[in-house]
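Trainee: Before we start, here is the structure in question, set down as structure tokens.
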Amino acid sequence: MFDPRRPVRRLPVLSHDDRNFVASDDDNPAHPPIEVSASDVAEFTPDWNAIGRALAPLVDFDYGAWENEGQVRKIGSKPDDSGNVRPVLLFLPAGHFWDYTELLVELGARTDGMVLFPSSGWFSANLDTLHDRNRLTFVDLYDSFVRIEADPSYRITLPATKRRHPGCGTAVRTLIRGANGLKWNQVRIEVGHKKTILLKAPGQEGVFRFPPNIRLTPDHALGMLMRLAADGEWRNPRKYSVPLWVRAQGARMARKFFWRG
């Protein structure tokens, strides 16, 4: 909090008991601690979940947040017309002198995402470098909200996904959108004919087709799903049914196919 005796300084706020906090001056122990009520402390704590849910319909992305630390957090994802998915990140500065340095450090570890900024005042040459190197897209929320105030029907349009950079891995294709409020118990997965898997959700339906020349063995991903659908379980092949070197290689492949991301 700001030091009322010297507003240019900040004081750390610590919990005193269940209902009260104290701000202490570590540099000058002679200054008595300042008592702060819990309601005052809460006012300085942004509700990331509430902000993310409010932004989702305005920016048109699928809300989904689970990160609990940092000034840059993933609050959802945005699929484009081709089905490629990009993370949507939100930057909320904490109000410290080192916020800009923290921003550079945290964005340095992010790639191929869309970053929502409170305003363009944070944009700089250093951020432009990260923008190009890490394939990031920056969105100025202040400018967008000014447009929404002038025209309530206006919606923020996120830029289309650029051509993927060589070596950045396989593109993730969307089958159904994890729209706000969608739960796993509302999603139905069906093994279809002709090497297809169907995903169904309220108002949505997606189909995944395996390549026509793929070899479907019992320990292939589709074979496992069919066995689970038929028997309710899937088991590894018998231990001595195949040679040792085949077992070792097959076990690795089975684990890979059965892996859940």
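Residues in the structure tokens are named by chain (A, B, ... in the order shown) and by number from 1 within that chain; ligands are numbered from 1 in the order shown.
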Fewer than 3 positions away in the same chain doesn't count, so skip those; otherwise give me all residues within 12 Å of Asp143 (chain A), counting only C-alpha atoms, as an NGL selection string.
Mentor: :A and (116-121 or 139-140 or 146-150 or 154-156)
Trainee: Report as number ranges by chain all protein, DNA and RNA residues lying within 12 Å of region 53-57 of chain A, evaluated on only C-alpha atoms, omitting residues in the same chain fewer than 3 positions from it.
Mentor: A: 47-50, 60-65, 75-78, 88-90, 116-118, 141, 144-145, 153-158, 178-181
Trainee: Just the residues within 12 Å of Arg133 (chain A), please, counting only C-alpha atoms, with nothing from its chain fewer than 3 positions along; format it as a ChimeraX atom specification.
Mentor: /A:107-113,126-130,136-137,165
Trainee: So what do you get for CA of Phe44 (chain A) versus CA of Gly95 (chain A), distance-wise?
Mentor: 9.7 Å
Trainee: Do you know which residues are at most 10 Å from region 195-206 of chain A counting only C-alpha atoms, after dropping those on the same chain fewer than 4 positions away, and could you put them as a ChimeraX atom specification?
Mentor: /A:174-179,182-191,210-212,214,216,222-223,225
Trainee: Write the residues you've just listed into a file as a compact mmCIF listing (two decimals), in the first residue's frame, and include N, CA and C atoms for each of them.
Mentor:
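Ended up saving to again.txt:
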```
# COMPACT_ATOMS: atom_id res chain seq x y z
N THR A 174 -9.50 -27.56 -33.60
CA THR A 174 -10.67 -27.58 -32.74
C THR A 174 -11.77 -28.44 -33.34
N LEU A 175 -12.31 -29.35 -32.54
CA LEU A 175 -13.46 -30.15 -32.97
C LEU A 175 -14.75 -29.57 -32.39
N ILE A 176 -14.73 -29.23 -31.11
CA ILE A 176 -15.84 -28.49 -30.50
C ILE A 176 -15.23 -27.39 -29.65
N ARG A 177 -15.94 -26.31 -29.51
CA ARG A 177 -15.44 -25.18 -28.72
C ARG A 177 -15.85 -25.33 -27.27
N GLY A 178 -14.88 -25.14 -26.39
CA GLY A 178 -15.18 -25.19 -24.96
C GLY A 178 -15.85 -23.90 -24.53
N ALA A 179 -17.04 -23.67 -25.04
CA ALA A 179 -17.75 -22.42 -24.78
C ALA A 179 -17.94 -22.20 -23.28
N LEU A 182 -19.50 -24.71 -20.56
CA LEU A 182 -19.57 -26.10 -21.00
C LEU A 182 -18.80 -27.00 -20.03
N LYS A 183 -19.43 -28.10 -19.62
CA LYS A 183 -18.81 -29.03 -18.68
C LYS A 183 -18.58 -30.37 -19.37
N TRP A 184 -17.62 -31.14 -18.81
CA TRP A 184 -17.27 -32.43 -19.41
C TRP A 184 -18.46 -33.38 -19.45
N ASN A 185 -19.34 -33.31 -18.45
CA ASN A 185 -20.47 -34.24 -18.44
C ASN A 185 -21.51 -33.90 -19.51
N GLN A 186 -21.31 -32.79 -20.22
CA GLN A 186 -22.18 -32.44 -21.34
C GLN A 186 -21.59 -32.88 -22.68
N VAL A 187 -20.38 -33.43 -22.65
CA VAL A 187 -19.70 -33.84 -23.88
C VAL A 187 -19.84 -35.35 -24.05
N ARG A 188 -20.21 -35.77 -25.25
CA ARG A 188 -20.36 -37.20 -25.55
C ARG A 188 -19.37 -37.57 -26.65
N ILE A 189 -18.62 -38.65 -26.44
CA ILE A 189 -17.64 -39.13 -27.41
C ILE A 189 -18.10 -40.48 -27.93
N GLU A 190 -18.21 -40.59 -29.25
CA GLU A 190 -18.68 -41.83 -29.86
C GLU A 190 -17.65 -42.32 -30.87
N VAL A 191 -17.42 -43.63 -30.89
CA VAL A 191 -16.56 -44.25 -31.90
C VAL A 191 -17.45 -44.60 -33.09
N PHE A 210 -9.42 -40.59 -38.79
CA PHE A 210 -8.07 -41.09 -38.88
C PHE A 210 -7.66 -41.23 -40.35
N PRO A 211 -6.37 -41.10 -40.65
CA PRO A 211 -5.92 -41.27 -42.04
C PRO A 211 -6.35 -42.62 -42.58
N PRO A 212 -6.73 -42.68 -43.87
CA PRO A 212 -7.26 -43.94 -44.43
C PRO A 212 -6.24 -45.07 -44.45
N ILE A 214 -3.97 -45.74 -42.14
CA ILE A 214 -3.43 -46.02 -40.82
C ILE A 214 -3.70 -47.49 -40.45
N LEU A 216 -4.67 -50.11 -37.82
CA LEU A 216 -5.39 -50.12 -36.56
C LEU A 216 -5.18 -51.45 -35.84
N LEU A 222 -7.48 -45.76 -31.51
CA LEU A 222 -8.86 -46.08 -31.86
C LEU A 222 -9.23 -47.48 -31.38
N GLY A 223 -8.28 -48.42 -31.48
CA GLY A 223 -8.55 -49.76 -30.97
C GLY A 223 -8.82 -49.76 -29.49
N LEU A 225 -10.10 -47.23 -27.76
CA LEU A 225 -11.41 -46.65 -27.54
C LEU A 225 -12.53 -47.65 -27.85
```
Trainee: As an exercise, work out the distance from CA of Asn84 (chain A) to CA of Tyr142 (chain A) in Å and give it to one decimal place.
Mentor: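 Calculated distance between CA of Asn84 (chain A) and CA of Tyr142 (chain A) is 27.0 Å.
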Trainee: Distance CA of Met226 (chain A)-CA of Val85 (chain A), one decimal place?
Mentor: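 One can read the CA of Met226 (chain A) to CA of Val85 (chain A) distance as 27.7 Å.
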Trainee: Quick one: DSSP strand (DSSP E) residues in region 6-195 of chain A, as a ChimeraX atom specification?
Mentor: /A:6-10,13-15,20-23,34-37,62-63,72-79,85-91,114-117,137-140,188-192
